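Peer 1: Supplied in C-alpha cells, the structure appears directly below.
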Amino acid sequence: MPELNTDYTVKLGLLAEYATPGELMRAAEKFRDAGYRRWDVYTPFPVHGMDDAMGLGNSRVGWFTFIAALTGYTCGMIMIWWMNASDYPIAVGGKPLFSPIYSFPVAYECTILLGAFGSLFGMFIMNRLPRLYNPLFKMERFARSTDDTFFLFVETADPKFSDAETKRLLETTGSKRIEEVRD
C-alpha cells in the first residue's frame with residue numbers, strides 16, 4: 001500500500017536509470033527472477049529479447065482479433081443469406097437463393113473489418129488505454145527515455161515491494177541513479 005508523505009504526496013514506486021540496454025536487460029532478469037509482478041521498463045527504442053527478460057508471454061490481443069473476425073465472417077454470411085433467401089428472394093435463371101461461394105466476398109470484407117476493430121479494441125483493453133496521465137511524465141530525467149536513457153520502474157503496489165529491499169536490489173543491478181516517484 002502506498003505510504004503518505006508529510007507534503008501529502010503518495011509514493012508510487014522507484015525509478016532506476018541505466019546507461020545501456022544490456023544493463024537494463026540484466027536488471028529486468030533479476031526482477032523477473034526475484035518474483036516482482038508490478039514493474040515495467042522504458043527504452044528509447046525496442047530492445048530485442050526484453051520480453052523474455054521480463055518474463056512476458058504471448059499477447060492475448062490475437063484472441064480478440066480471431067473472435068471478432070469469426071463474428072464478422074458469420075455475420076456476413078447470415079446477412080447475405082437473409083437478404084437473398086429470406087428477406088427478398090428473387091429466383092433468377094435457376095440460381096440458388098443462397099450460395100456460400102457468391103457470398104464469400106462480402107463475408108471476407110466483414111471478416112477483415114471486424115478483425116481490425118477486434119485488434120484495436122483488444123489492444124485498448126489489454127493495455128488499459130487511454131491513459132491520460134502518468135506521474136512519470138512529471139519527472140525531468142524521465143524525458144530522456146525517448147532519447148538515450150533506459151529506465152526500470154517498480155510500483156509500490158507490487159506485493160514484494162519493500163523500500164529497503166527493492167532499493168538494494170536496484171543498486172545491485174548497476175543502476176546509475178534511483179529516484180522515488182511521487183504523485
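Chain labels follow the order of the C-alpha cells: the first chain is A, the next B, and so on; residue numbering restarts at 1 in every chain, and ligands are counted from 1 in their shown order.
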Just the residues within 12 Å of Cys75 (chain A), please, counting only C-alpha atoms, with nothing from its chain fewer than 2 positions along; format it as a PDB file with C-alpha atoms, in the first residue's frame.

Peer 2:
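Here's the written file out.pdb:
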ATOM      1  CA  ALA A  68     -14.069 -10.560 -33.903  1.00  0.00           C
ATOM      2  CA  ALA A  69     -13.039 -11.879 -37.350  1.00  0.00           C
ATOM      3  CA  LEU A  70     -15.046 -15.079 -36.850  1.00  0.00           C
ATOM      4  CA  THR A  71     -18.024 -12.955 -35.824  1.00  0.00           C
ATOM      5  CA  GLY A  72     -17.550 -10.818 -38.944  1.00  0.00           C
ATOM      6  CA  TYR A  73     -17.468 -13.851 -41.240  1.00  0.00           C
ATOM      7  CA  MET A  77     -22.810 -14.977 -44.351  1.00  0.00           C
ATOM      8  CA  ILE A  78     -26.009 -14.559 -42.317  1.00  0.00           C
ATOM      9  CA  MET A  79     -26.550 -11.094 -43.788  1.00  0.00           C
ATOM     10  CA  ILE A  80     -26.288 -12.363 -47.383  1.00  0.00           C
ATOM     11  CA  TRP A  81     -28.472 -15.381 -46.606  1.00  0.00           C
ATOM     12  CA  TRP A  82     -31.109 -13.144 -45.010  1.00  0.00           C
ATOM     13  CA  MET A  83     -31.122 -10.638 -47.870  1.00  0.00           C
ATOM     14  CA  SER A 103     -21.468 -14.707 -50.513  1.00  0.00           C
ATOM     15  CA  PHE A 104     -17.778 -15.099 -49.748  1.00  0.00           C
ATOM     16  CA  VAL A 106     -19.000  -9.846 -48.553  1.00  0.00           C
ATOM     17  CA  ALA A 107     -18.234 -12.216 -45.676  1.00  0.00           C
ATOM     18  CA  TYR A 108     -14.494 -11.766 -46.288  1.00  0.00           C
ATOM     19  CA  GLU A 109     -14.781  -7.983 -46.095  1.00  0.00           C
ATOM     20  CA  CYS A 110     -16.812  -8.259 -42.880  1.00  0.00           C
ATOM     21  CA  THR A 111     -14.110 -10.582 -41.515  1.00  0.00           C
ATOM     22  CA  LEU A 113     -13.379  -5.109 -40.872  1.00  0.00           C
ATOM     23  CA  LEU A 114     -14.388  -6.705 -37.582  1.00  0.00           C
TER      24      LEU A 114
END

Peer 1: Which residues are near Val181 (chain A)? Cut-off 8 Å, only C-alpha atoms, ignore same chain within fewer than 3 positions. Put them as a JSON list (two decimals) with N, CA and C atoms, in the first residue's frame.

Peer 2:
[["chain", "number", "residue", "atom", "x", "y", "z"],
["A", 11, "LYS", "N", 3.69, 7.95, -2.48],
["A", 11, "LYS", "CA", 4.82, 7.31, -3.13],
["A", 11, "LYS", "C", 4.29, 6.20, -4.04],
["A", 12, "LEU", "N", 4.65, 6.27, -5.32],
["A", 12, "LEU", "CA", 4.16, 5.30, -6.30],
["A", 12, "LEU", "C", 5.18, 4.23, -6.64],
["A", 13, "GLY", "N", 6.45, 4.49, -6.41],
["A", 13, "GLY", "CA", 7.45, 3.48, -6.71],
["A", 13, "GLY", "C", 8.85, 4.05, -6.81],
["A", 14, "LEU", "N", 9.75, 3.19, -7.32],
["A", 14, "LEU", "CA", 11.14, 3.57, -7.51],
["A", 14, "LEU", "C", 11.48, 3.48, -8.99],
["A", 15, "LEU", "N", 12.24, 4.47, -9.47],
["A", 15, "LEU", "CA", 12.65, 4.54, -10.86],
["A", 15, "LEU", "C", 14.17, 4.47, -10.91],
["A", 135, "PRO", "N", 2.37, 9.71, -13.75],
["A", 135, "PRO", "CA", 3.23, 10.56, -12.91],
["A", 135, "PRO", "C", 4.69, 10.56, -13.37],
["A", 136, "LEU", "N", 5.10, 9.56, -14.12],
["A", 136, "LEU", "CA", 6.48, 9.55, -14.61],
["A", 136, "LEU", "C", 6.75, 10.72, -15.56]]

Peer 1: Quick one: DSSP strand (DSSP E or B) residues in chain A, as number ranges by chain?

Peer 2: A: 4, 10-18, 39-42, 150-155, 177-182

Peer 1: Could you turn the residues from that selection into a file that holds N, CA and C atoms, as a compact mmCIF listing (two decimals), in the first residue's frame?

Peer 2:
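Once everything was written out, this is result.txt:
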# COMPACT_ATOMS: atom_id res chain seq x y z
N LEU A 4 2.06 7.63 2.79
CA LEU A 4 1.87 9.07 2.66
C LEU A 4 3.09 9.82 3.13
N VAL A 10 1.76 10.83 -2.56
CA VAL A 10 1.76 9.38 -2.40
C VAL A 10 2.94 8.81 -3.15
N LYS A 11 3.69 7.95 -2.48
CA LYS A 11 4.82 7.31 -3.13
C LYS A 11 4.29 6.20 -4.04
N LEU A 12 4.65 6.27 -5.32
CA LEU A 12 4.16 5.30 -6.30
C LEU A 12 5.18 4.23 -6.64
N GLY A 13 6.45 4.49 -6.41
CA GLY A 13 7.45 3.48 -6.71
C GLY A 13 8.85 4.05 -6.81
N LEU A 14 9.75 3.19 -7.32
CA LEU A 14 11.14 3.57 -7.51
C LEU A 14 11.48 3.48 -8.99
N LEU A 15 12.24 4.47 -9.47
CA LEU A 15 12.65 4.54 -10.86
C LEU A 15 14.17 4.47 -10.91
N ALA A 16 14.69 3.48 -11.62
CA ALA A 16 16.14 3.30 -11.76
C ALA A 16 16.55 3.61 -13.19
N GLU A 17 17.70 4.26 -13.32
CA GLU A 17 18.20 4.68 -14.64
C GLU A 17 19.42 3.83 -15.01
N TYR A 18 19.48 3.43 -16.29
CA TYR A 18 20.58 2.62 -16.81
C TYR A 18 21.15 3.26 -18.06
N TRP A 39 6.01 -4.04 -12.41
CA TRP A 39 7.15 -3.23 -12.81
C TRP A 39 7.20 -3.19 -14.34
N ASP A 40 7.92 -2.20 -14.86
CA ASP A 40 8.00 -2.06 -16.32
C ASP A 40 9.32 -1.41 -16.68
N VAL A 41 9.70 -1.53 -17.95
CA VAL A 41 10.91 -0.90 -18.47
C VAL A 41 10.51 0.12 -19.53
N TYR A 42 11.35 1.15 -19.66
CA TYR A 42 11.11 2.20 -20.65
C TYR A 42 12.41 2.41 -21.41
N PHE A 150 17.69 4.48 -20.38
CA PHE A 150 16.84 3.31 -20.14
C PHE A 150 16.42 3.30 -18.68
N PHE A 151 15.14 3.00 -18.44
CA PHE A 151 14.59 3.07 -17.08
C PHE A 151 13.86 1.78 -16.72
N LEU A 152 13.90 1.47 -15.42
CA LEU A 152 13.10 0.40 -14.85
C LEU A 152 12.31 1.01 -13.70
N PHE A 153 10.99 0.82 -13.72
CA PHE A 153 10.11 1.40 -12.70
C PHE A 153 9.42 0.27 -11.94
N VAL A 154 9.53 0.27 -10.61
CA VAL A 154 8.90 -0.72 -9.75
C VAL A 154 7.82 -0.02 -8.94
N GLU A 155 6.60 -0.52 -9.01
CA GLU A 155 5.47 0.11 -8.31
C GLU A 155 5.41 -0.34 -6.85
N ARG A 177 21.27 5.76 -11.25
CA ARG A 177 20.53 6.67 -10.38
C ARG A 177 19.20 6.03 -10.01
N ILE A 178 18.78 6.18 -8.75
CA ILE A 178 17.49 5.66 -8.27
C ILE A 178 16.72 6.81 -7.66
N GLU A 179 15.47 6.99 -8.11
CA GLU A 179 14.64 8.08 -7.61
C GLU A 179 13.30 7.54 -7.15
N GLU A 180 12.71 8.20 -6.17
CA GLU A 180 11.35 7.90 -5.76
C GLU A 180 10.39 8.63 -6.69
N VAL A 181 9.31 7.96 -7.04
CA VAL A 181 8.28 8.58 -7.87
C VAL A 181 7.09 8.86 -6.95
N ARG A 182 6.70 10.12 -6.89
CA ARG A 182 5.58 10.53 -6.05
C ARG A 182 4.55 11.26 -6.88

Peer 1: Looking at A:Phe98, A:Phe161, A:Phe142, A:Phe31, which one is nearest to Ala53 (chain A), with distances taken over only C-alpha atoms?

Peer 2: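 Closest candidate: A:Phe31.
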
Peer 1: Would you give me, as a short mmCIF file (atom, residue, chain, number, x, y, z; two decimals) with C-alpha atoms, in the first residue's frame, the residues in region 27-136 of chain A that DSSP reads as alpha helix (DSSP H)?

Peer 2:
data_model
loop_
_atom_site.label_atom_id
_atom_site.label_comp_id
_atom_site.auth_asym_id
_atom_site.auth_seq_id
_atom_site.Cartn_x
_atom_site.Cartn_y
_atom_site.Cartn_z
CA ALA A 27 18.15 -5.78 -14.28
CA ALA A 28 14.89 -6.98 -15.82
CA GLU A 29 16.05 -10.59 -15.50
CA LYS A 30 16.89 -10.02 -11.82
CA PHE A 31 13.47 -8.53 -11.10
CA ARG A 32 11.73 -11.33 -13.00
CA ASP A 33 13.71 -13.94 -11.05
CA ALA A 34 13.02 -12.14 -7.75
CA MET A 50 13.34 -7.72 -23.48
CA ASP A 51 10.02 -9.61 -23.49
CA ASP A 52 11.86 -12.79 -22.49
CA ALA A 53 13.95 -10.93 -19.91
CA MET A 54 10.75 -9.56 -18.35
CA VAL A 61 -4.80 -9.42 -28.46
CA GLY A 62 -4.77 -12.11 -31.17
CA TRP A 63 -7.73 -13.80 -29.47
CA PHE A 64 -9.72 -10.57 -29.69
CA THR A 65 -8.85 -10.42 -33.40
CA PHE A 66 -9.79 -14.06 -34.01
CA ILE A 67 -13.14 -13.86 -32.23
CA ALA A 68 -14.07 -10.56 -33.90
CA ALA A 69 -13.04 -11.88 -37.35
CA LEU A 70 -15.05 -15.08 -36.85
CA THR A 71 -18.02 -12.95 -35.82
CA GLY A 72 -17.55 -10.82 -38.94
CA TYR A 73 -17.47 -13.85 -41.24
CA THR A 74 -20.55 -15.35 -39.61
CA CYS A 75 -22.47 -12.06 -39.72
CA GLY A 76 -21.51 -11.55 -43.38
CA MET A 77 -22.81 -14.98 -44.35
CA ILE A 78 -26.01 -14.56 -42.32
CA MET A 79 -26.55 -11.09 -43.79
CA ILE A 80 -26.29 -12.36 -47.38
CA TRP A 81 -28.47 -15.38 -46.61
CA PRO A 100 -21.63 -19.55 -49.94
CA ILE A 101 -19.41 -19.13 -53.00
CA TYR A 102 -21.14 -15.93 -54.08
CA SER A 103 -21.47 -14.71 -50.51
CA PHE A 104 -17.78 -15.10 -49.75
CA PRO A 105 -16.55 -11.61 -50.87
CA VAL A 106 -19.00 -9.85 -48.55
CA ALA A 107 -18.23 -12.22 -45.68
CA TYR A 108 -14.49 -11.77 -46.29
CA GLU A 109 -14.78 -7.98 -46.09
CA CYS A 110 -16.81 -8.26 -42.88
CA THR A 111 -14.11 -10.58 -41.52
CA ILE A 112 -11.38 -8.03 -42.23
CA LEU A 113 -13.38 -5.11 -40.87
CA LEU A 114 -14.39 -6.70 -37.58
CA GLY A 115 -10.95 -8.35 -37.20
CA ALA A 116 -9.31 -4.92 -37.42
CA PHE A 117 -11.73 -3.50 -34.86
CA GLY A 118 -11.10 -6.53 -32.62
CA SER A 119 -7.35 -5.86 -32.75
CA LEU A 120 -7.79 -2.18 -32.00
CA PHE A 121 -10.20 -2.60 -29.10
CA GLY A 122 -8.30 -5.64 -27.79
CA MET A 123 -5.15 -3.54 -27.64
CA PHE A 124 -7.01 -0.76 -25.83
CA ILE A 125 -8.44 -3.22 -23.29
CA MET A 126 -5.23 -5.20 -22.67
#

Peer 1: Could you tell me how far CA of Glu140 (chain A) sits from CA of Arg26 (chain A), in Å to one decimal place?

Peer 2: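 CA of Glu140 (chain A) lies at a distance of 24.7 Å from CA of Arg26 (chain A).
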
Peer 1: Tell me which protein, DNA and RNA residues are within 10 Å of Thr149 (chain A), counting only C-alpha atoms, leaving out same-chain ones fewer than 5 positions away, and put them as a ChimeraX atom specification.

Peer 2: /A:17-21,24,42-45,141-144

Peer 1: What does the structure give for the distance between CA of Thr9 (chain A) and CA of Asp183 (chain A), in Å to one decimal?

Peer 2: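 Taking CA of Thr9 (chain A) as the start and CA of Asp183 (chain A) as the end point, the length is 5.4 Å.
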